[in-house]
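Q: I'd like to ask some things about the structure below.
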Amino acid sequence: MATMLYEGKAKKIFTTDNANEIIVYYKDDATALNGLKKGTIIDKGIMNNTITTFFFDLLGKNGIPHHQIKKLSEREALCKKVTIIPVEVVTRNVAAGSLAKKMGVEEGLVLKRPLVEFYYKNDDLGDPMINADYAESFGFATDAQIAQMKEYALKINDILKAFLLERKIQLIDFKLEFGVDSEGKVILADEITPDTSRLWDLETNEKLDKDRFRRDMGNVEEAYQEVIRRLIGK
Ligand code: TMP
């Protein structure tokens with residue numbers, strides 16, 4: 001019998017008969033402003049399972065180890081059980097969101113090179129920004145794990161940026177989470193979706209991501225659907 005191991009803001013995690021595998025269930029719940037703003041994006045769970053599966057397949061083919069074994073159903077994916085490293089890795093190509101605000105620049109400023117940031121995954125603290133020293137000092141991750149995550153983040157950025165550009169989407173920024181598998185290896189986990197990235201139309205700069213929900217811009221479902229259409233042609 002599957003029991004729920006964990007319920008997060010956008011997903012639930014269930015056990016399976018195999019101690020090394022879990023089932024990820026994608027919900028429609030949407031939150032923003034660190035959980036202060038709550039709502040529903042209709043069929044988001046279905047769309048995000050599809051999008052994550054697509055990106056993880058692409059990354060796997062390009063040599064990035066990740067936790068997903070296979071998509072099981074509309075909202076479920078079978079994944080390797082990992083111990084999540086409590087460090088969110090954000091990679092940015094273009095200033096937007098918190099970076100634009102913090103640095104006092106217009107959203108849309110193209111960065112001279114990709115910027116990788118680390119945040120401590122802790123909702124109560126509002127995910128404070130940290131660096132490698134914090135990670136090592138507090139025992140969140142070792143220096144080697146931080147270096148590995150940064151290397152993967154930049155490689156993933158190269159793969160996704162080039163792929164999305166062909167589909168007329170600019171990869172502005174995205175957040176990754178990594179886990180340690182049963183062999184002690186750092187592998188990509190969590191999700192890659194319009195919830196966890198900024199995706200702008202190449203020609204119009206129209207937002208095709210969760211900023212439409214965060215900023216009450218409307219047409220949220222349509223934007224996610226458009227991403228799927230451009231990725232998969234559906
Ligand atoms: P930010 O501009 O708000 O710092 O967000 C940068 C990117 O990281 C953006 O694509 C959204 C994503 N992100 C998450 O997925 N989860 C989070 O908790 C935060 C703060 C950002």
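Simple scheme: letters A, B, ... for chains in structure tokens order, numbers from 1 for residues in each chain, numbers from 1 for ligands in the order shown.
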Give me the residues near Leu165 (chain A) as a PyMOL selection string, where near means some atom within 8 Å (using only C-alpha atoms) and where sequence neighbours in that chain fewer than 5 positions away do not count.
A: chain A and resi 170-171+202
Q: Find the residues near Glu191 (chain A): any atom within 7 Å, counting only C-alpha atoms, skip ones fewer than 2 places away on the same chain, and give them as a ChimeraX atom specification.
A: /A:52,189,193
Q: Need the shell around region 226-233 of chain A: protein/DNA/RNA residues with any atom at most 7 Å away, counting only C-alpha atoms. Skip same-chain ones fewer than 3 positions apart. Format as a VMD selection string?
A: chain A and resid 51 167 208 222 to 223
Q: Show me which residues sit within 10 Å of ligand 1 when counting only C-alpha atoms and all ligand atoms, and put them as a JSON list (two decimals) with all heavy atoms, in the first residue's frame.
A:
[["chain", "number", "residue", "atom", "x", "y", "z"],
["A", 31, "THR", "N", 1.07, 28.40, -5.73],
["A", 31, "THR", "CA", 1.34, 29.39, -4.67],
["A", 31, "THR", "C", 2.37, 30.37, -5.20],
["A", 31, "THR", "O", 3.12, 30.09, -6.14],
["A", 31, "THR", "CB", 1.91, 28.72, -3.40],
["A", 31, "THR", "OG1", 3.11, 28.04, -3.75],
["A", 31, "THR", "CG2", 0.93, 27.76, -2.77],
["A", 32, "ALA", "N", 2.37, 31.54, -4.59],
["A", 32, "ALA", "CA", 3.37, 32.56, -4.93],
["A", 32, "ALA", "C", 3.63, 33.37, -3.67],
["A", 32, "ALA", "O", 2.94, 33.19, -2.66],
["A", 32, "ALA", "CB", 2.87, 33.45, -6.06],
["A", 33, "LEU", "N", 4.59, 34.24, -3.75],
["A", 33, "LEU", "CA", 4.98, 35.08, -2.60],
["A", 33, "LEU", "C", 5.22, 34.20, -1.37],
["A", 33, "LEU", "O", 4.69, 34.45, -0.30],
["A", 33, "LEU", "CB", 3.89, 36.12, -2.30],
["A", 33, "LEU", "CG", 3.45, 37.02, -3.46],
["A", 33, "LEU", "CD1", 2.19, 37.80, -3.10],
["A", 33, "LEU", "CD2", 4.58, 37.96, -3.85],
["A", 34, "ASN", "N", 6.01, 33.14, -1.58],
["A", 34, "ASN", "CA", 6.36, 32.21, -0.51],
["A", 34, "ASN", "C", 5.12, 31.66, 0.20],
["A", 34, "ASN", "O", 5.09, 31.57, 1.43],
["A", 34, "ASN", "CB", 7.31, 32.91, 0.48],
["A", 34, "ASN", "CG", 8.06, 31.90, 1.33],
["A", 34, "ASN", "OD1", 8.38, 30.81, 0.85],
["A", 34, "ASN", "ND2", 8.32, 32.23, 2.57],
["A", 35, "GLY", "N", 4.08, 31.34, -0.57],
["A", 35, "GLY", "CA", 2.89, 30.70, 0.00],
["A", 35, "GLY", "C", 1.79, 31.68, 0.41],
["A", 35, "GLY", "O", 0.68, 31.26, 0.75],
["A", 88, "GLU", "N", 18.40, 25.34, -3.24],
["A", 88, "GLU", "CA", 17.79, 25.58, -4.54],
["A", 88, "GLU", "C", 18.82, 26.29, -5.42],
["A", 88, "GLU", "O", 19.46, 27.25, -4.97],
["A", 88, "GLU", "CB", 16.52, 26.42, -4.38],
["A", 88, "GLU", "CG", 15.48, 25.70, -3.53],
["A", 88, "GLU", "CD", 14.11, 26.38, -3.53],
["A", 88, "GLU", "OE1", 13.98, 27.51, -4.01],
["A", 88, "GLU", "OE2", 13.17, 25.74, -3.01],
["A", 89, "VAL", "N", 18.98, 25.79, -6.62],
["A", 89, "VAL", "CA", 19.99, 26.34, -7.54],
["A", 89, "VAL", "C", 19.26, 27.11, -8.65],
["A", 89, "VAL", "O", 18.53, 26.52, -9.43],
["A", 89, "VAL", "CB", 20.85, 25.21, -8.14],
["A", 89, "VAL", "CG1", 21.94, 25.79, -9.04],
["A", 89, "VAL", "CG2", 21.46, 24.34, -7.03],
["A", 90, "VAL", "N", 19.44, 28.42, -8.66],
["A", 90, "VAL", "CA", 18.79, 29.26, -9.67],
["A", 90, "VAL", "C", 19.84, 29.71, -10.68],
["A", 90, "VAL", "O", 20.90, 30.21, -10.29],
["A", 90, "VAL", "CB", 18.10, 30.49, -9.02],
["A", 90, "VAL", "CG1", 17.60, 31.47, -10.09],
["A", 90, "VAL", "CG2", 16.93, 30.04, -8.14],
["A", 91, "THR", "N", 19.55, 29.50, -11.96],
["A", 91, "THR", "CA", 20.45, 29.93, -13.04],
["A", 91, "THR", "C", 19.71, 30.97, -13.86],
["A", 91, "THR", "O", 18.54, 30.80, -14.18],
["A", 91, "THR", "CB", 20.84, 28.73, -13.93],
["A", 91, "THR", "OG1", 21.37, 27.71, -13.09],
["A", 91, "THR", "CG2", 21.86, 29.11, -14.98],
["A", 92, "ARG", "N", 20.40, 32.06, -14.18],
["A", 92, "ARG", "CA", 19.76, 33.17, -14.89],
["A", 92, "ARG", "C", 20.58, 33.59, -16.11],
["A", 92, "ARG", "O", 21.80, 33.72, -16.01],
["A", 92, "ARG", "CB", 19.65, 34.39, -13.97],
["A", 92, "ARG", "CG", 18.91, 34.11, -12.67],
["A", 92, "ARG", "CD", 18.98, 35.34, -11.80],
["A", 92, "ARG", "NE", 18.41, 35.16, -10.47],
["A", 92, "ARG", "CZ", 17.15, 35.44, -10.13],
["A", 92, "ARG", "NH1", 16.30, 35.88, -11.03],
["A", 92, "ARG", "NH2", 16.75, 35.27, -8.88],
["A", 95, "ALA", "N", 18.09, 39.24, -16.54],
["A", 95, "ALA", "CA", 17.60, 39.73, -15.24],
["A", 95, "ALA", "C", 16.08, 39.80, -15.25],
["A", 95, "ALA", "O", 15.47, 40.33, -16.19],
["A", 95, "ALA", "CB", 18.18, 41.11, -14.94],
["A", 96, "ALA", "N", 15.47, 39.25, -14.21],
["A", 96, "ALA", "CA", 14.00, 39.32, -14.05],
["A", 96, "ALA", "C", 13.73, 39.06, -12.56],
["A", 96, "ALA", "O", 14.65, 38.74, -11.80],
["A", 96, "ALA", "CB", 13.30, 38.27, -14.91],
["A", 97, "GLY", "N", 12.47, 39.23, -12.17],
["A", 97, "GLY", "CA", 12.06, 38.87, -10.81],
["A", 97, "GLY", "C", 12.92, 39.50, -9.74],
["A", 97, "GLY", "O", 13.22, 40.69, -9.78],
["A", 98, "SER", "N", 13.33, 38.67, -8.77],
["A", 98, "SER", "CA", 14.05, 39.20, -7.60],
["A", 98, "SER", "C", 15.40, 39.81, -7.98],
["A", 98, "SER", "O", 15.86, 40.74, -7.31],
["A", 98, "SER", "CB", 14.23, 38.10, -6.55],
["A", 98, "SER", "OG", 15.17, 37.15, -6.98],
["A", 99, "LEU", "N", 16.03, 39.30, -9.03],
["A", 99, "LEU", "CA", 17.35, 39.85, -9.42],
["A", 99, "LEU", "C", 17.21, 41.28, -9.97],
["A", 99, "LEU", "O", 17.98, 42.17, -9.61],
["A", 99, "LEU", "CB", 18.03, 38.96, -10.46],
["A", 99, "LEU", "CG", 19.40, 39.47, -10.93],
["A", 99, "LEU", "CD1", 20.43, 39.37, -9.80],
["A", 99, "LEU", "CD2", 19.88, 38.70, -12.15],
["A", 100, "ALA", "N", 16.20, 41.48, -10.83],
["A", 100, "ALA", "CA", 15.98, 42.81, -11.41],
["A", 100, "ALA", "C", 15.68, 43.82, -10.30],
["A", 100, "ALA", "O", 16.21, 44.94, -10.29],
["A", 100, "ALA", "CB", 14.84, 42.76, -12.42],
["A", 101, "LYS", "N", 14.86, 43.38, -9.33],
["A", 101, "LYS", "CA", 14.49, 44.25, -8.21],
["A", 101, "LYS", "C", 15.73, 44.58, -7.36],
["A", 101, "LYS", "O", 16.02, 45.74, -7.06],
["A", 101, "LYS", "CB", 13.43, 43.52, -7.37],
["A", 101, "LYS", "CG", 12.70, 44.41, -6.41],
["A", 101, "LYS", "CD", 11.52, 43.70, -5.81],
["A", 101, "LYS", "CE", 10.96, 44.59, -4.70],
["A", 101, "LYS", "NZ", 10.09, 43.86, -3.81],
["A", 102, "LYS", "N", 16.45, 43.52, -7.00],
["A", 102, "LYS", "CA", 17.61, 43.70, -6.11],
["A", 102, "LYS", "C", 18.68, 44.60, -6.74],
["A", 102, "LYS", "O", 19.27, 45.44, -6.05],
["A", 102, "LYS", "CB", 18.21, 42.32, -5.79],
["A", 102, "LYS", "CG", 19.44, 42.38, -4.91],
["A", 102, "LYS", "CD", 19.81, 41.02, -4.36],
["A", 102, "LYS", "CE", 20.38, 40.12, -5.43],
["A", 102, "LYS", "NZ", 20.71, 38.79, -4.91],
["A", 107, "GLU", "N", 13.70, 44.49, -16.06],
["A", 107, "GLU", "CA", 13.55, 43.09, -16.45],
["A", 107, "GLU", "C", 13.87, 43.00, -17.93],
["A", 107, "GLU", "O", 13.40, 43.84, -18.71],
["A", 107, "GLU", "CB", 12.09, 42.64, -16.25],
["A", 107, "GLU", "CG", 11.78, 42.27, -14.83],
["A", 107, "GLU", "CD", 10.64, 41.27, -14.74],
["A", 107, "GLU", "OE1", 9.64, 41.43, -15.45],
["A", 107, "GLU", "OE2", 10.77, 40.32, -13.94],
["A", 117, "GLU", "N", 22.93, 31.07, -8.68],
["A", 117, "GLU", "CA", 22.71, 31.48, -7.28],
["A", 117, "GLU", "C", 22.24, 30.28, -6.46],
["A", 117, "GLU", "O", 21.59, 29.39, -6.99],
["A", 117, "GLU", "CB", 21.60, 32.54, -7.19],
["A", 117, "GLU", "CG", 21.82, 33.78, -7.98],
["A", 117, "GLU", "CD", 20.58, 34.68, -7.98],
["A", 117, "GLU", "OE1", 19.45, 34.18, -7.82],
["A", 117, "GLU", "OE2", 20.74, 35.89, -8.16],
["A", 119, "TYR", "N", 20.07, 29.16, -2.90],
["A", 119, "TYR", "CA", 19.14, 29.58, -1.85],
["A", 119, "TYR", "C", 18.93, 28.40, -0.90],
["A", 119, "TYR", "O", 18.80, 27.25, -1.36],
["A", 119, "TYR", "CB", 17.78, 29.98, -2.45],
["A", 119, "TYR", "CG", 17.84, 31.22, -3.32],
["A", 119, "TYR", "CD1", 18.15, 31.13, -4.67],
["A", 119, "TYR", "CD2", 17.61, 32.49, -2.78],
["A", 119, "TYR", "CE1", 18.22, 32.27, -5.47],
["A", 119, "TYR", "CE2", 17.68, 33.63, -3.57],
["A", 119, "TYR", "CZ", 17.98, 33.51, -4.91],
["A", 119, "TYR", "OH", 18.05, 34.64, -5.70],
["A", 120, "TYR", "N", 18.85, 28.71, 0.39],
["A", 120, "TYR", "CA", 18.54, 27.67, 1.37],
["A", 120, "TYR", "C", 17.05, 27.38, 1.30],
["A", 120, "TYR", "O", 16.23, 28.29, 1.46],
["A", 120, "TYR", "CB", 18.95, 28.15, 2.78],
["A", 120, "TYR", "CG", 18.53, 27.25, 3.91],
["A", 120, "TYR", "CD1", 18.56, 25.86, 3.79],
["A", 120, "TYR", "CD2", 18.11, 27.80, 5.12],
["A", 120, "TYR", "CE1", 18.18, 25.03, 4.84],
["A", 120, "TYR", "CE2", 17.72, 26.98, 6.18],
["A", 120, "TYR", "CZ", 17.76, 25.60, 6.03],
["A", 120, "TYR", "OH", 17.37, 24.80, 7.06],
["A", 121, "LYS", "N", 16.70, 26.11, 1.03],
["A", 121, "LYS", "CA", 15.30, 25.70, 0.86],
["A", 121, "LYS", "C", 14.62, 25.66, 2.23],
["A", 121, "LYS", "O", 14.73, 24.65, 2.95],
["A", 121, "LYS", "CB", 15.29, 24.33, 0.19],
["A", 121, "LYS", "CG", 13.94, 23.76, -0.19],
["A", 121, "LYS", "CD", 14.17, 22.45, -0.95],
["A", 121, "LYS", "CE", 13.00, 21.52, -0.92],
["A", 121, "LYS", "NZ", 11.84, 21.98, -1.66],
["A", 122, "ASN", "N", 13.99, 26.76, 2.61],
["A", 122, "ASN", "CA", 13.32, 26.83, 3.91],
["A", 122, "ASN", "C", 12.23, 27.90, 3.85],
["A", 122, "ASN", "O", 12.50, 29.10, 3.90],
["A", 122, "ASN", "CB", 14.35, 27.18, 5.00],
["A", 122, "ASN", "CG", 13.75, 27.16, 6.39],
["A", 122, "ASN", "OD1", 12.67, 27.72, 6.61],
["A", 122, "ASN", "ND2", 14.42, 26.53, 7.32],
["A", 123, "ASP", "N", 10.98, 27.41, 3.71],
["A", 123, "ASP", "CA", 9.84, 28.33, 3.55],
["A", 123, "ASP", "C", 9.69, 29.29, 4.72],
["A", 123, "ASP", "O", 9.34, 30.46, 4.52],
["A", 123, "ASP", "CB", 8.53, 27.55, 3.37],
["A", 123, "ASP", "CG", 8.39, 26.99, 1.97],
["A", 123, "ASP", "OD1", 9.06, 27.52, 1.06],
["A", 123, "ASP", "OD2", 7.62, 26.03, 1.78],
["A", 126, "GLY", "N", 11.75, 32.06, 4.11],
["A", 126, "GLY", "CA", 11.60, 32.68, 2.79],
["A", 126, "GLY", "C", 12.77, 32.38, 1.87],
["A", 126, "GLY", "O", 13.16, 33.22, 1.05],
["A", 127, "ASP", "N", 13.32, 31.17, 1.98],
["A", 127, "ASP", "CA", 14.43, 30.73, 1.09],
["A", 127, "ASP", "C", 15.54, 31.78, 0.98],
["A", 127, "ASP", "O", 15.74, 32.37, -0.10],
["A", 127, "ASP", "CB", 13.90, 30.41, -0.33],
["A", 127, "ASP", "CG", 12.94, 29.25, -0.36],
["A", 127, "ASP", "OD1", 12.84, 28.51, 0.64],
["A", 127, "ASP", "OD2", 12.27, 29.08, -1.40],
["A", 128, "PRO", "N", 16.29, 32.03, 2.05],
["A", 128, "PRO", "CA", 17.35, 33.05, 1.94],
["A", 128, "PRO", "C", 18.48, 32.65, 1.00],
["A", 128, "PRO", "O", 18.81, 31.47, 0.88],
["A", 128, "PRO", "CB", 17.88, 33.15, 3.38],
["A", 128, "PRO", "CG", 17.55, 31.83, 4.00],
["A", 128, "PRO", "CD", 16.27, 31.38, 3.37],
["A", 129, "MET", "N", 19.05, 33.65, 0.34],
["A", 129, "MET", "CA", 20.18, 33.39, -0.54],
["A", 129, "MET", "C", 21.40, 33.01, 0.31],
["A", 129, "MET", "O", 21.63, 33.59, 1.36],
["A", 129, "MET", "CB", 20.51, 34.63, -1.35],
["A", 129, "MET", "CG", 21.53, 34.35, -2.41],
["A", 129, "MET", "SD", 22.06, 35.87, -3.19],
["A", 129, "MET", "CE", 21.71, 35.47, -4.85],
["A", 171, "LEU", "N", 14.92, 31.24, -22.57],
["A", 171, "LEU", "CA", 15.05, 30.74, -21.20],
["A", 171, "LEU", "C", 15.66, 31.87, -20.36],
["A", 171, "LEU", "O", 16.86, 32.13, -20.43],
["A", 171, "LEU", "CB", 15.94, 29.49, -21.17],
["A", 171, "LEU", "CG", 16.18, 28.88, -19.79],
["A", 171, "LEU", "CD1", 14.89, 28.46, -19.11],
["A", 171, "LEU", "CD2", 17.14, 27.69, -19.90],
["A", 172, "ILE", "N", 14.81, 32.53, -19.60],
["A", 172, "ILE", "CA", 15.25, 33.69, -18.80],
["A", 172, "ILE", "C", 15.97, 33.21, -17.54],
["A", 172, "ILE", "O", 17.09, 33.63, -17.25],
["A", 172, "ILE", "CB", 14.03, 34.57, -18.41],
["A", 172, "ILE", "CG1", 13.25, 35.00, -19.67],
["A", 172, "ILE", "CG2", 14.46, 35.77, -17.56],
["A", 172, "ILE", "CD1", 14.04, 35.80, -20.66],
["A", 173, "ASP", "N", 15.31, 32.34, -16.77],
["A", 173, "ASP", "CA", 15.92, 31.77, -15.56],
["A", 173, "ASP", "C", 15.17, 30.50, -15.17],
["A", 173, "ASP", "O", 14.10, 30.22, -15.71],
["A", 173, "ASP", "CB", 15.94, 32.79, -14.40],
["A", 173, "ASP", "CG", 14.56, 33.32, -14.04],
["A", 173, "ASP", "OD1", 13.59, 32.55, -14.12],
["A", 173, "ASP", "OD2", 14.45, 34.50, -13.66],
["A", 174, "PHE", "N", 15.76, 29.74, -14.27],
["A", 174, "PHE", "CA", 15.09, 28.52, -13.79],
["A", 174, "PHE", "C", 15.71, 28.07, -12.48],
["A", 174, "PHE", "O", 16.86, 28.39, -12.18],
["A", 174, "PHE", "CB", 15.15, 27.40, -14.84],
["A", 174, "PHE", "CG", 16.54, 26.98, -15.23],
["A", 174, "PHE", "CD1", 17.14, 25.87, -14.67],
["A", 174, "PHE", "CD2", 17.25, 27.71, -16.18],
["A", 174, "PHE", "CE1", 18.43, 25.48, -15.03],
["A", 174, "PHE", "CE2", 18.54, 27.34, -16.55],
["A", 174, "PHE", "CZ", 19.13, 26.23, -15.97],
["A", 175, "LYS", "N", 14.91, 27.32, -11.74],
["A", 175, "LYS", "CA", 15.35, 26.81, -10.44],
["A", 175, "LYS", "C", 15.45, 25.29, -10.49],
["A", 175, "LYS", "O", 14.56, 24.63, -11.03],
["A", 175, "LYS", "CB", 14.32, 27.22, -9.37],
["A", 175, "LYS", "CG", 14.67, 26.86, -7.96],
["A", 175, "LYS", "CD", 14.05, 25.60, -7.41],
["A", 175, "LYS", "CE", 12.57, 25.49, -7.49],
["A", 175, "LYS", "NZ", 12.05, 24.24, -6.89],
["A", 176, "LEU", "N", 16.53, 24.75, -9.96],
["A", 176, "LEU", "CA", 16.71, 23.29, -9.92],
["A", 176, "LEU", "C", 16.88, 22.83, -8.48],
["A", 176, "LEU", "O", 17.34, 23.59, -7.62],
["A", 176, "LEU", "CB", 17.98, 22.89, -10.69],
["A", 176, "LEU", "CG", 18.07, 23.26, -12.16],
["A", 176, "LEU", "CD1", 19.46, 22.93, -12.70],
["A", 176, "LEU", "CD2", 16.99, 22.53, -12.97],
["A", 177, "GLU", "N", 16.49, 21.58, -8.25],
["A", 177, "GLU", "CA", 16.81, 20.93, -6.98],
["A", 177, "GLU", "C", 17.52, 19.62, -7.30],
["A", 177, "GLU", "O", 17.20, 18.96, -8.29],
["A", 177, "GLU", "CB", 15.54, 20.67, -6.16],
["A", 177, "GLU", "CG", 14.90, 21.97, -5.70],
["A", 177, "GLU", "CD", 13.72, 21.77, -4.77],
["A", 177, "GLU", "OE1", 13.66, 20.74, -4.07],
["A", 177, "GLU", "OE2", 12.85, 22.66, -4.76],
["A", 191, "GLU", "N", 11.42, 19.16, -10.34],
["A", 191, "GLU", "CA", 10.72, 19.38, -11.61],
["A", 191, "GLU", "C", 11.38, 20.51, -12.39],
["A", 191, "GLU", "O", 12.12, 21.32, -11.81],
["A", 191, "GLU", "CB", 9.26, 19.79, -11.32],
["A", 191, "GLU", "CG", 9.15, 21.13, -10.56],
["A", 191, "GLU", "CD", 7.70, 21.56, -10.31],
["A", 191, "GLU", "OE1", 7.07, 21.01, -9.39],
["A", 191, "GLU", "OE2", 7.21, 22.46, -11.03],
["A", 192, "ILE", "N", 11.12, 20.54, -13.68],
["A", 192, "ILE", "CA", 11.47, 21.72, -14.50],
["A", 192, "ILE", "C", 10.20, 22.06, -15.28],
["A", 192, "ILE", "O", 9.78, 21.30, -16.17],
["A", 192, "ILE", "CB", 12.64, 21.46, -15.47],
["A", 192, "ILE", "CG1", 13.88, 20.99, -14.70],
["A", 192, "ILE", "CG2", 12.95, 22.75, -16.26],
["A", 192, "ILE", "CD1", 15.08, 20.67, -15.60],
["A", 193, "THR", "N", 9.57, 23.15, -14.93],
["A", 193, "THR", "CA", 8.25, 23.50, -15.47],
["A", 193, "THR", "C", 8.13, 25.02, -15.55],
["A", 193, "THR", "O", 9.00, 25.73, -15.05],
["A", 193, "THR", "CB", 7.14, 22.98, -14.53],
["A", 193, "THR", "OG1", 7.24, 23.69, -13.28],
["A", 193, "THR", "CG2", 7.26, 21.49, -14.26],
["A", 194, "PRO", "N", 7.03, 25.52, -16.09],
["A", 194, "PRO", "CA", 6.82, 26.98, -16.06],
["A", 194, "PRO", "C", 6.56, 27.51, -14.63],
["A", 194, "PRO", "O", 6.56, 28.71, -14.42],
["A", 194, "PRO", "CB", 5.58, 27.18, -16.94],
["A", 194, "PRO", "CG", 5.53, 25.98, -17.82],
["A", 194, "PRO", "CD", 6.04, 24.86, -16.96],
["A", 195, "ASP", "N", 6.37, 26.58, -13.65],
["A", 195, "ASP", "CA", 6.30, 27.01, -12.24],
["A", 195, "ASP", "C", 7.69, 27.43, -11.75],
["A", 195, "ASP", "O", 7.81, 28.27, -10.87],
["A", 195, "ASP", "CB", 5.87, 25.84, -11.33],
["A", 195, "ASP", "CG", 4.37, 25.66, -11.24],
["A", 195, "ASP", "OD1", 3.66, 26.17, -12.10],
["A", 195, "ASP", "OD2", 3.92, 24.97, -10.30],
["A", 196, "THR", "N", 8.70, 26.76, -12.27],
["A", 196, "THR", "CA", 10.05, 26.91, -11.72],
["A", 196, "THR", "C", 11.02, 27.56, -12.71],
["A", 196, "THR", "O", 12.24, 27.46, -12.54],
["A", 196, "THR", "CB", 10.61, 25.53, -11.30],
["A", 196, "THR", "OG1", 10.66, 24.69, -12.47],
["A", 196, "THR", "CG2", 9.73, 24.86, -10.24],
["A", 197, "SER", "N", 10.46, 28.19, -13.74],
["A", 197, "SER", "CA", 11.34, 28.85, -14.72],
["A", 197, "SER", "C", 10.63, 30.08, -15.27],
["A", 197, "SER", "O", 9.43, 30.26, -15.06],
["A", 197, "SER", "CB", 11.65, 27.88, -15.88],
["A", 197, "SER", "OG", 10.46, 27.51, -16.54],
["A", 198, "ARG", "N", 11.39, 30.92, -15.93],
["A", 198, "ARG", "CA", 10.77, 32.01, -16.70],
["A", 198, "ARG", "C", 11.04, 31.74, -18.18],
["A", 198, "ARG", "O", 12.20, 31.55, -18.59],
["A", 198, "ARG", "CB", 11.33, 33.38, -16.29],
["A", 198, "ARG", "CG", 10.85, 33.82, -14.92],
["A", 198, "ARG", "CD", 11.11, 35.29, -14.64],
["A", 198, "ARG", "NE", 10.46, 35.67, -13.40],
["A", 198, "ARG", "CZ", 11.06, 35.65, -12.19],
["A", 198, "ARG", "NH1", 12.32, 35.29, -12.10],
["A", 198, "ARG", "NH2", 10.39, 36.01, -11.12],
["A", 199, "LEU", "N", 9.97, 31.72, -18.94],
["A", 199, "LEU", "CA", 10.02, 31.40, -20.36],
["A", 199, "LEU", "C", 9.32, 32.52, -21.11],
["A", 199, "LEU", "O", 8.14, 32.76, -20.87],
["A", 199, "LEU", "CB", 9.32, 30.06, -20.62],
["A", 199, "LEU", "CG", 9.80, 28.87, -19.77],
["A", 199, "LEU", "CD1", 8.88, 27.66, -19.95],
["A", 199, "LEU", "CD2", 11.23, 28.49, -20.14],
["A", 209, "ASP", "N", 4.85, 31.58, -18.41],
["A", 209, "ASP", "CA", 5.26, 30.93, -17.15],
["A", 209, "ASP", "C", 4.43, 31.44, -15.98],
["A", 209, "ASP", "O", 3.50, 32.22, -16.17],
["A", 209, "ASP", "CB", 6.75, 31.20, -16.91],
["A", 209, "ASP", "CG", 7.04, 32.69, -16.90],
["A", 209, "ASP", "OD1", 6.44, 33.40, -16.06],
["A", 209, "ASP", "OD2", 7.83, 33.16, -17.73],
["A", 210, "LYS", "N", 4.82, 31.00, -14.79],
["A", 210, "LYS", "CA", 4.03, 31.28, -13.59],
["A", 210, "LYS", "C", 3.96, 32.76, -13.20],
["A", 210, "LYS", "O", 3.14, 33.14, -12.37],
["A", 210, "LYS", "CB", 4.58, 30.44, -12.43],
["A", 210, "LYS", "CG", 3.64, 30.31, -11.26],
["A", 210, "LYS", "CD", 4.25, 29.36, -10.24],
["A", 210, "LYS", "CE", 3.71, 29.61, -8.87],
["A", 210, "LYS", "NZ", 4.53, 28.89, -7.86],
["A", 211, "ASP", "N", 4.81, 33.59, -13.80],
["A", 211, "ASP", "CA", 4.67, 35.03, -13.54],
["A", 211, "ASP", "C", 3.25, 35.51, -13.91],
["A", 211, "ASP", "O", 2.75, 36.47, -13.34],
["A", 211, "ASP", "CB", 5.72, 35.85, -14.30],
["A", 211, "ASP", "CG", 7.02, 36.00, -13.50],
["A", 211, "ASP", "OD1", 7.01, 35.68, -12.28],
["A", 211, "ASP", "OD2", 8.03, 36.42, -14.08],
["A", 214, "ARG", "N", 1.58, 34.83, -10.69],
["A", 214, "ARG", "CA", 2.11, 35.70, -9.63],
["A", 214, "ARG", "C", 1.64, 37.14, -9.80],
["A", 214, "ARG", "O", 1.38, 37.83, -8.83],
["A", 214, "ARG", "CB", 3.66, 35.70, -9.66],
["A", 214, "ARG", "CG", 4.31, 34.37, -9.37],
["A", 214, "ARG", "CD", 5.84, 34.51, -9.30],
["A", 214, "ARG", "NE", 6.49, 33.21, -9.19],
["A", 214, "ARG", "CZ", 7.09, 32.59, -10.22],
["A", 214, "ARG", "NH1", 7.14, 33.16, -11.42],
["A", 214, "ARG", "NH2", 7.64, 31.41, -10.04]]
Q: Could you tell me how far CA of Leu160 (chain A) lies from CA of Trp200 (chain A), in Å and to one decimal?
A: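 That distance, rounded to one decimal, is 13.3 Å.
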